[in-house]
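Undergrad: My questions all concern the structure below.
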Amino acid sequence: MKTFFISAALACAMATAGLAQDAKAPEDITIALVPGLTTDAFYITMNRGAQAAAEALGIKVDFQGAEEFDPVLQTPVLDAVIGRGPDAILIAPTDSTQMIEPLRRASDAGIPVITVDTFIDDGKYQDGAGDGDFPLAYIASDNLGGGRMAARYMADKIGGEGKVYVSNLRPGVSTTDQREEGFKAEMAASFPKIEVLETQYNDNDASLAASQFQAVLARNPDIKGVFGANLFSALGAGNGVESAGKVDDVTVIAFDAPGSIVNNISSGLIDAAIAQHPAEIGYFGVMAAYANLTGQSIPTGIGTGFTVIDAGNVDDEATRKFIYSE
Ligand code: T6T
């Protein structure tokens with residue numbers, strides 16, 4: 001019962017916020033887009049989608065972020081954005097717990113918050129449960145499902161048996177945590193002869209991910225595969241495999257699809273890339289924010305898709321649009 005009253009109060013506040021914005025002309029509306037980091041092809045592509053939506057609506061989208069994927073660096077950027085008073089904030093929070101309080105400051109200032117790509121708390125918003133319940137919506141890939149897809153591709157490529165590991169960013173990031181969870185769950189459920197070794201965390205540093213491959217190989221000369229759970233993890237794992245001269249023996253499945261990874265599919269270094277659709281995340285993020293600002297109700301979650309790129313379709317025209325902009 002209590003939950004209902006909290007939700008109703010929030011719904012009223014949202015409706016009021018929406019009505020207050022009704023009077024603004026589109027050219028006076030600015031939405032801030034705060035990426036995980038500014039120099040990552042994934043977020044650059046997300047911004048491309050966001051700008052396309054802004055152009056269609058006649059509003060402005062301001063892309064402001066830190067140069068590294070780090071809540072300590074993202075927080076002051078967010079505080080500066082809040083200080084400028086945008087009409088709404090779209091943000092990829094860099095830690096599911098540490099970014100709750102900084103984002104509450106935006107919400108308390110009356111700025112609607114929508115998270116894109118990553119979530120805070122449990123990612124279930126507006127349900128009256130949890131500290132980080134206040135964002136209006138979460139727009140992202142199905143990261144659990146994506147991890148499961150990666151496991152199935154890996155299992156197929158290595159013939160259903162052998163040792164593999166996950167090269168990952170760091171714990172506490174919702175997307176990459178879920179990809180790892182999905183990967184391990186699918187292996188445990190469907191491929192009992194595959195052993196998933198301890199995860200290697202690289203802090204989004206591709207060079208570290210490359211040297212970690214060398215160390216895992218030294219301990220496990222029979223290693224069969226690496227799942228790179230995001231762009232830098234996959235790039236680094238691929239480079240590590242190449243430097244070790246193991247391209248023919250070790251399967252690399254990449255999450256994310258910048259040009260550098262896609263080129264490595266053509267050369268045979270990377271076996272498959274699970275391309276997210278970041279431009280869709282940006283586009284629908286802006287559309288959802290605009291809908292809220294103009295008094296429409298919006299869904300609390302919007303899921304975007306994947307395109308798996310491998311040797312079979314890497315040269316197809318239809319695949320090219322899913323390669324991230326750099
Ligand atoms: O994989 C994406 C994004 O989905 C994730 O949250 C963080 O890493 C990337 O930006 C790729 O570097």
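Just remember, in the structure tokens the first chain shown is A, the second B, etc., residues are 1-based per chain, and ligands are 1-based in the order shown.
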Got a sec to check which residues lie within 7 Å of ligand 1, using only C-alpha atoms and all ligand atoms, and send them as an NGL selection string?
TA: :A and (36 or 40 or 42-43 or 117-118 or 173 or 175-176 or 230-232 or 255-256)
Undergrad: Please produce a file of the residues just selected, as a CSV table (one decimal), in the first residue's frame, where the atoms kept are all heavy atoms.
TA:
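File produced: selection_26.csv:
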chain,number,residue,atom,x,y,z
A,36,GLY,N,29.4,7.7,-20.4
A,36,GLY,CA,30.4,7.1,-19.5
A,36,GLY,C,31.7,7.7,-19.7
A,36,GLY,O,32.4,7.9,-18.7
A,40,ASP,N,34.9,7.3,-26.3
A,40,ASP,CA,34.6,5.9,-26.6
A,40,ASP,C,33.6,5.9,-27.8
A,40,ASP,O,32.6,6.6,-27.7
A,40,ASP,CB,33.9,5.4,-25.3
A,40,ASP,CG,33.4,3.9,-25.4
A,40,ASP,OD1,33.2,3.5,-26.5
A,40,ASP,OD2,33.3,3.3,-24.3
A,42,PHE,N,31.5,4.0,-28.6
A,42,PHE,CA,30.1,3.6,-28.3
A,42,PHE,C,29.3,4.9,-27.9
A,42,PHE,O,28.2,5.1,-28.4
A,42,PHE,CB,30.1,2.6,-27.1
A,42,PHE,CG,28.8,2.3,-26.5
A,42,PHE,CD1,28.0,1.3,-27.1
A,42,PHE,CD2,28.3,3.0,-25.4
A,42,PHE,CE1,26.7,1.1,-26.5
A,42,PHE,CE2,27.0,2.8,-24.9
A,42,PHE,CZ,26.2,1.8,-25.4
A,43,TYR,N,29.9,5.7,-27.1
A,43,TYR,CA,29.1,6.9,-26.7
A,43,TYR,C,29.1,8.0,-27.8
A,43,TYR,O,28.2,8.8,-27.9
A,43,TYR,CB,29.7,7.5,-25.4
A,43,TYR,CG,29.5,6.6,-24.2
A,43,TYR,CD1,30.6,5.9,-23.6
A,43,TYR,CD2,28.2,6.2,-23.7
A,43,TYR,CE1,30.4,5.0,-22.6
A,43,TYR,CE2,28.1,5.3,-22.7
A,43,TYR,CZ,29.2,4.7,-22.1
A,43,TYR,OH,29.0,3.8,-21.1
A,117,ASP,N,22.1,3.3,-21.4
A,117,ASP,CA,23.2,2.3,-21.3
A,117,ASP,C,23.3,1.6,-20.0
A,117,ASP,O,23.1,0.4,-19.8
A,117,ASP,CB,24.5,2.9,-21.8
A,117,ASP,CG,25.7,1.9,-21.7
A,117,ASP,OD1,25.5,0.8,-22.1
A,117,ASP,OD2,26.8,2.3,-21.2
A,118,THR,N,23.8,2.3,-19.0
A,118,THR,CA,23.9,1.7,-17.6
A,118,THR,C,22.8,2.2,-16.7
A,118,THR,O,22.1,3.3,-17.0
A,118,THR,CB,25.2,2.2,-17.0
A,118,THR,OG1,25.4,3.6,-17.3
A,118,THR,CG2,26.4,1.4,-17.6
A,173,VAL,N,29.7,-1.9,-12.5
A,173,VAL,CA,29.1,-1.3,-13.7
A,173,VAL,C,28.0,-2.2,-14.2
A,173,VAL,O,28.2,-3.4,-14.5
A,173,VAL,CB,30.2,-1.1,-14.8
A,173,VAL,CG1,29.6,-0.5,-16.1
A,173,VAL,CG2,31.4,-0.3,-14.3
A,175,THR,N,26.1,-2.7,-16.9
A,175,THR,CA,26.1,-3.3,-18.2
A,175,THR,C,27.1,-4.5,-18.2
A,175,THR,O,26.7,-5.6,-18.6
A,175,THR,CB,26.6,-2.3,-19.2
A,175,THR,OG1,27.7,-1.7,-18.7
A,175,THR,CG2,25.5,-1.4,-19.6
A,176,THR,N,28.3,-4.3,-17.8
A,176,THR,CA,29.3,-5.3,-17.9
A,176,THR,C,29.2,-6.4,-16.8
A,176,THR,O,29.5,-7.5,-17.1
A,176,THR,CB,30.7,-4.6,-17.9
A,176,THR,OG1,30.8,-3.7,-16.9
A,176,THR,CG2,31.0,-3.9,-19.2
A,230,ASN,N,33.4,-5.6,-23.0
A,230,ASN,CA,33.1,-4.3,-23.6
A,230,ASN,C,34.3,-3.9,-24.6
A,230,ASN,O,35.2,-4.7,-24.8
A,230,ASN,CB,32.9,-3.2,-22.6
A,230,ASN,CG,34.2,-2.6,-22.0
A,230,ASN,OD1,35.3,-3.2,-22.0
A,230,ASN,ND2,34.2,-1.3,-21.6
A,231,LEU,N,34.1,-2.8,-25.2
A,231,LEU,CA,35.0,-2.4,-26.3
A,231,LEU,C,36.5,-2.5,-25.9
A,231,LEU,O,37.3,-3.2,-26.6
A,231,LEU,CB,34.7,-0.9,-26.7
A,231,LEU,CG,35.2,-0.3,-27.9
A,231,LEU,CD1,34.3,0.9,-28.3
A,231,LEU,CD2,36.6,0.2,-27.8
A,232,PHE,N,36.9,-1.9,-24.8
A,232,PHE,CA,38.4,-1.9,-24.5
A,232,PHE,C,38.8,-3.3,-24.0
A,232,PHE,O,40.0,-3.7,-24.3
A,232,PHE,CB,38.6,-0.8,-23.4
A,232,PHE,CG,38.3,0.5,-23.9
A,232,PHE,CD1,37.0,1.1,-23.6
A,232,PHE,CD2,39.1,1.2,-24.8
A,232,PHE,CE1,36.7,2.3,-24.1
A,232,PHE,CE2,38.7,2.5,-25.3
A,232,PHE,CZ,37.5,3.0,-24.9
A,255,PHE,N,32.2,-7.9,-27.2
A,255,PHE,CA,31.0,-7.0,-27.1
A,255,PHE,C,31.4,-5.7,-27.6
A,255,PHE,O,32.5,-5.2,-27.2
A,255,PHE,CB,30.6,-7.0,-25.6
A,255,PHE,CG,29.1,-7.0,-25.4
A,255,PHE,CD1,28.4,-8.2,-25.2
A,255,PHE,CD2,28.4,-5.8,-25.4
A,255,PHE,CE1,27.0,-8.2,-25.0
A,255,PHE,CE2,27.0,-5.8,-25.3
A,255,PHE,CZ,26.3,-7.0,-25.1
A,256,ASP,N,30.6,-5.1,-28.4
A,256,ASP,CA,30.9,-3.8,-29.1
A,256,ASP,C,31.6,-3.9,-30.4
A,256,ASP,O,32.3,-4.9,-30.6
A,256,ASP,CB,31.7,-2.8,-28.1
A,256,ASP,CG,30.9,-2.4,-26.9
A,256,ASP,OD1,29.7,-2.0,-27.1
A,256,ASP,OD2,31.4,-2.4,-25.8
Undergrad: Name the residues in contact with Glu195 in chain A at a cut-off of 9 Å, using only C-alpha atoms, excluding same-chain residues fewer than 6 positions from it; report them as a list of chain:residue names.
TA: A:Glu161, A:Gly162, A:Lys163, A:Val164, A:Tyr165, A:Met187, A:Ala188
Undergrad: Would you mind telling me which residue in A:Glu317, A:Asp122, A:Glu55, A:Asp271 lies nearest to Thr251 in chain A when using only C-alpha atoms?
TA: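 Result for the nearest residue to Thr251 in chain A: A:Asp271.
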Undergrad: Can you work out the spacing between CA of Val241 in chain A and CA of Gln214 in chain A in Å, to one decimal?
TA: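 Distance reported for this atom pair: 7.7 Å.
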Undergrad: Hey, what's within 8 Å of Leu136 in chain A if we count only C-alpha atoms and toss same-chain stuff fewer than 4 positions away? As a short mmCIF file (atom, residue, chain, number, x, y, z; two decimals) with N, CA and C atoms, in the first residue's frame, please?
TA:
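Just written: part00.cif:
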data_model
loop_
_atom_site.label_atom_id
_atom_site.label_comp_id
_atom_site.auth_asym_id
_atom_site.auth_seq_id
_atom_site.Cartn_x
_atom_site.Cartn_y
_atom_site.Cartn_z
N PRO A 112 14.43 16.20 -14.65
CA PRO A 112 14.13 14.79 -14.90
C PRO A 112 15.40 14.05 -15.33
N VAL A 113 15.58 12.85 -14.78
CA VAL A 113 16.77 12.04 -15.08
C VAL A 113 16.34 10.76 -15.79
N ILE A 114 17.01 10.46 -16.88
CA ILE A 114 16.80 9.19 -17.60
C ILE A 114 18.18 8.56 -17.74
N TYR A 125 13.02 1.41 -12.20
CA TYR A 125 12.70 2.76 -11.74
C TYR A 125 11.20 2.94 -11.55
N GLN A 126 10.89 3.94 -10.70
CA GLN A 126 9.48 4.35 -10.51
C GLN A 126 8.62 3.22 -9.96
N ILE A 298 5.79 8.22 -20.24
CA ILE A 298 6.81 7.45 -20.96
C ILE A 298 7.02 6.10 -20.29
N THR A 300 8.99 3.07 -18.45
CA THR A 300 10.15 3.12 -17.54
C THR A 300 11.35 2.36 -18.12
#
Undergrad: So which residues touch Gly58 in chain A within 9 Å, counting only C-alpha atoms, skipping near sequence neighbours fewer than 5 positions away, as a VMD selection string?
TA: chain A and resid 26 to 27 29 53
